[in-house]
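Trainee: Please see the structure below; I have some questions.
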Amino acid sequence: MNKIITPIQIADITVVLGVIGFDVHVVGYRILQFALESQGIQVVPLGVLVSQEEFIEAAIETGAHAILVSSVYGHAQIDAAGLRDKCNEAGLENILLYIGGNLSIHDESYEEIQARFQGMGFDRVASPDTSPEDVICWLIEDLSKHRENLSYGA
Amino acid sequence: MEHKQAAILADFGSTFTKIAILDITEEAFICSVKAPTTASTDLRDGFAEALANINLELVDLEKFQFRLACSSAKGGLRMITVGLVPSLSEKAARMAALGAGAKVIGSFSYELTPEDVSKIEALQPDLILLAGGTDGGNKHATILNAEALSGADIEVSIVVACNRAIADEVVSKLEVKGKRAIKVSNVIPQLGRLEVDDAQKIIQELFLREIVRAKGLFQVGELLGGILMPTPMAALRAFSLLADGTSHEPGIGELVGIDLGGATTDVHSIAEGKPSSENVYQKGLPEPYIKRTVEGDLGLRISVQNILEASDIQSLADESQTSMSKIQWKVDEWSNHSSRLADTEEERRIEDSLAKSAIRIAMRRHAGLIYTEFTPNGQVMIQDGKDLTPVSYMIGSGGIFAHHEDPACLLSAALFDLSDPLSLRPKAPTYLIDQKQIIPACGLLSTKYPDMAIRLLKSNLRKL
């Protein structure tokens with residue numbers, strides 16, 4: 001028999017949110033921060049120009065369940081490369097990694113982009129059409145799935 | 001003179017016991033005297049020796065309206081800090097301890113290993129500050145660290161300033177093994193928010209209640225009603241009072257205070273340090289408005305060898321117009337005989353060049369950095385730490401400033417330097433010199449009469 005899944009309480013969710021690399025586009029990040037906070041999710045806002053190390057350090061200290069990476073300027077593939085490996089190295093094996101924004105400068109379908117970032121270890125890949133509500137639903141769904149070992153120390 | 005209107009303010013330093021006598025009615029220092037600190041026997045001996053230099057009529061202690069003391073004798077307040085991530089809770093804990101006037105003798109992060117615990121036992125701190133996790137954040141590591149510390153062979157109190165959600169559990173894990181643990185607010189309740197006041201208040205109380213006694217400094221209690229705080233805290237209070245003022249007396253504004261001593265160089269900044277241009281992005285943990293750093297390895301006597309090692313000896317030789325071997329010789333002499341003074345003209349030049357080097361290094365470590373990143377959106381400026389370029393005053397305290405002919409020349413080593421433009425040091429501050437060495441005394445006085453303390457600071461610091 002399958003294990004019974006208890007949905008996570010939304011107020012128990014902590015996410016780290018930031019704009020990665022040398023990107024300073026802040027609008028999508030702000031909208032998402034506002035949407036998540038208005039639903040009671042604890043957001044750790046790192047702002048713009050965030051390095052991979054800063055995402056990881058913040059996630060360890062705050063016991064976050066997910067790292068939400070925003071990137072609008074088209075260099076996400078370079079900026080986010082190796083983030084999953086670094087998380088594993090830092091003891092964040094179970095943390096969720098989401099990424100969203102303008103993730104490619106090429107003429108590609110969303111499916112192609114999604115596949116590429118999933119290959120890089122991201123659990124969810126948001127397109128410019130993804131709504132903040134979708135992100136909240138993903139969080140609840142993903143976190144309810146593996147509640148017992150969420151993240152480092154949480 | 002009417003004795004009831006006088007106060008006695010004593011600073012039991014690591015080498016000297018300094019006593020200032022203040023006329024409260026006239027708001028003026030009557031005299032200041034010093035004698036070697038007698039920490040190995042009884043502090044009262046050095047105190048009496050210093051007082052012996054004063055007109056006997058004054059020396060009936062009962063007649064002083066109040067008597068206050070601070071101390072850095074017997075190593076001062078030696079603390080160990082423990083945090084989780086080095087750049088976050090560990091840094092927050094370290095800044096909290098330094099701001100409480102402590103000497104941070106060890107700093108640990110992540111999960112304490114058995115080796116770390118042995119190191120802590122060997123260091124024999126006076127106090128431990130245990131942080132880790134933002135409120136609602138990481139729980140796991142601090143609980144493990146509490147377990148590790150609970151089994152350690154240490155007798156000292158542990159101040160618990162971690163994730164609020166587990167603070168009680170951490171305290172009980174420590175208490176169950178017989179450790180004294182005191183819960184305070186988290187030093188880093190959220191990422192990007194530093195909250196050090198509560199922890200610092202408790203650290204000061206513990207210093208007063210336990211540490212002074214444990215160090216055998218309690219005899220002073222009979223004379224002076226106890227030692228109120230560690231000397232660095234008195235200095236920091238004086239600097240922050242001078243900058244911010246009180247409701248009756250305006251402050252002088254943002255400042256940097258540099259205290260160069262025989263063993264350490266302390267740098268204080270009372271300044272926001274926010275980026276001065278809107279094109280600059282701030283990175284890293286925000287630093288406290290009242291910030292103190294200590295270069296425990298940079299001093300003019302006991303640790304003078306380290307200044308030499310951190311400096312370019314050739315440029316020291318050029319600056320002091322002497323040979324490299326002469327510098328090496330003097331440095332060896334001073335580090336072995338900490339009471340020797342620089343007597344000849346040449347020795348004074350050597351000492352000056354070493355002092356300037358220590359000031360330059362200490363200020364560079366204290367001030368923030370700015371750097372440029374080239375991004376697809378063009379150039380972006382990033383600031384890490386405090387921007388102290390606009391600070392209006394720079395204060396020099398410590399024996400070398402008090403007795404120097406040209407203290408401005410020493411302080412200029414702390415200025416913004418075009419050859420090192422990324423270091424955000426003060427650009428054009430007005431210099432003030434603590435010629436009468438009254439800063440710790442005024443910090444002590446501020447606990448009773450803050451308005452008088454700031455007026456005394458304003459009128460007694462010499463403007464250059």
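Quick note on naming: the chains in the structure tokens go A, B, ... in the order shown, residues restart at 1 in each chain, and ligands are numbered from 1 in order of appearance.
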Which parts of segment 323-424 of chain B does DSSP call alpha helix (DSSP H) when run on the backbone here, written out as a ChimeraX atom specification?
Mentor: /B:324-336,345-366,399-402,407-411
Trainee: Using DSSP on the backbone, list every residue of segment 44-247 of chain B that comes out as strand (DSSP E or B), and give them as an NGL selection string.
Mentor: :B and (66-71 or 78-82 or 103-108 or 127-130 or 157-160 or 181-183 or 190 or 193 or 227-230 or 245)
Trainee: Tell me, counting only C-alpha atoms, for each residue of chain B within 12 Å of chain A, which pair of atoms is nearest and how far apart they are in Å to one decimal, in rows ordered by chain and increasing number, as a Markdown table.
Mentor:
```
| residue | atom | partner | partner_atom | distance |
| --- | --- | --- | --- | --- |
| B:Gly83 | CA | A:Glu61 | CA | 9.5 |
| B:Leu84 | CA | A:Glu61 | CA | 6.7 |
| B:Val85 | CA | A:Glu57 | CA | 6.3 |
| B:Pro86 | CA | A:Glu57 | CA | 8.7 |
| B:Ser87 | CA | A:Glu57 | CA | 7.9 |
| B:Leu88 | CA | A:Glu61 | CA | 7.4 |
| B:Ser89 | CA | A:Glu61 | CA | 7.4 |
| B:Glu90 | CA | A:Glu61 | CA | 10.1 |
| B:Ala92 | CA | A:Glu61 | CA | 11.8 |
| B:Ser109 | CA | A:Glu61 | CA | 11.2 |
| B:Tyr110 | CA | A:Ile60 | CA | 9.7 |
| B:Glu111 | CA | A:Gly153 | CA | 11.4 |
| B:Ala131 | CA | A:Glu61 | CA | 10.5 |
| B:Gly132 | CA | A:Glu61 | CA | 7.0 |
| B:Gly133 | CA | A:Glu61 | CA | 4.7 |
| B:Thr134 | CA | A:Thr62 | CA | 5.1 |
| B:Asp135 | CA | A:Thr62 | CA | 7.5 |
| B:Gly136 | CA | A:Thr62 | CA | 6.9 |
| B:Gly137 | CA | A:Thr62 | CA | 3.7 |
| B:Asn138 | CA | A:Gly63 | CA | 4.1 |
| B:Lys139 | CA | A:Gly153 | CA | 5.5 |
| B:His140 | CA | A:Gly153 | CA | 4.3 |
| B:Ala141 | CA | A:Gly153 | CA | 6.8 |
| B:Thr142 | CA | A:Gly153 | CA | 9.5 |
| B:Ile143 | CA | A:Gly153 | CA | 9.8 |
| B:Leu144 | CA | A:Gly153 | CA | 10.4 |
| B:Cys162 | CA | A:Glu61 | CA | 10.5 |
| B:Asn163 | CA | A:Thr62 | CA | 8.9 |
| B:Arg164 | CA | A:Thr62 | CA | 11.7 |
| B:Ala165 | CA | A:Ala154 | CA | 11.0 |
| B:Ile166 | CA | A:Ala154 | CA | 11.2 |
| B:Ile188 | CA | A:Glu61 | CA | 9.5 |
| B:Pro189 | CA | A:Thr62 | CA | 9.3 |
| B:Gln190 | CA | A:Thr62 | CA | 7.8 |
| B:Leu191 | CA | A:Val44 | CA | 6.8 |
| B:Gly192 | CA | A:Leu46 | CA | 8.5 |
| B:Arg193 | CA | A:Val44 | CA | 11.2 |
| B:Asn279 | CA | A:Val24 | CA | 11.2 |
| B:Val280 | CA | A:Leu49 | CA | 11.4 |
| B:Tyr281 | CA | A:Leu49 | CA | 8.4 |
| B:Gln282 | CA | A:Gly47 | CA | 9.8 |
| B:Lys283 | CA | A:Val50 | CA | 8.6 |
| B:Gly284 | CA | A:Glu54 | CA | 8.4 |
| B:Leu285 | CA | A:Ala58 | CA | 10.4 |
| B:Thr372 | CA | A:Phe22 | CA | 11.1 |
| B:Glu373 | CA | A:Phe22 | CA | 7.9 |
| B:Phe374 | CA | A:Phe22 | CA | 8.1 |
| B:Thr375 | CA | A:Phe22 | CA | 5.6 |
| B:Pro376 | CA | A:Phe22 | CA | 7.5 |
| B:Asn377 | CA | A:Asp23 | CA | 7.6 |
| B:Gly378 | CA | A:Phe22 | CA | 9.6 |
| B:Gln379 | CA | A:Phe22 | CA | 9.8 |
| B:Val380 | CA | A:Phe22 | CA | 8.3 |
| B:Met381 | CA | A:Leu49 | CA | 10.5 |
| B:Ile382 | CA | A:Leu49 | CA | 9.0 |
| B:Gln383 | CA | A:Leu49 | CA | 11.6 |
```
Trainee: Hey, what's within 9 Å of Asp123 of chain A if we count only C-alpha atoms and toss same-chain stuff fewer than 3 positions away? As a VMD selection string, please?
Mentor: chain A and resid 96 to 99 117 to 118 142
Trainee: With C-alpha atoms retained, export the selected residues as a short mmCIF file (atom, residue, chain, number, x, y, z; two decimals), in the first residue's frame.
Mentor:
```cif
data_model
loop_
_atom_site.label_atom_id
_atom_site.label_comp_id
_atom_site.auth_asym_id
_atom_site.auth_seq_id
_atom_site.Cartn_x
_atom_site.Cartn_y
_atom_site.Cartn_z
CA LEU A 96 14.20 21.49 -4.19
CA LEU A 97 15.71 23.58 -6.97
CA TYR A 98 13.41 25.67 -9.16
CA ILE A 99 14.43 28.03 -11.92
CA PHE A 117 17.55 22.46 -16.91
CA GLN A 118 16.10 19.27 -15.50
CA ASP A 142 6.75 18.44 -4.20
#
```
Trainee: Would you list the contacts of segment 264-266 of chain B as a PyMOL selection string, taking every protein, DNA or RNA residue within 9 Å and counting only C-alpha atoms, but skipping same-chain residues closer than 3 positions in sequence?
Mentor: chain B and resi 232+257-261+292-300+302-303+358-359+362
Trainee: Would you work out the distance separating atom CA of Ala167 of chain B from atom CA of Pro286 of chain B, expressed in Å to one decimal?
Mentor: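 If I compute the distance from atom CA of Ala167 of chain B to atom CA of Pro286 of chain B, I get 23.5 Å.
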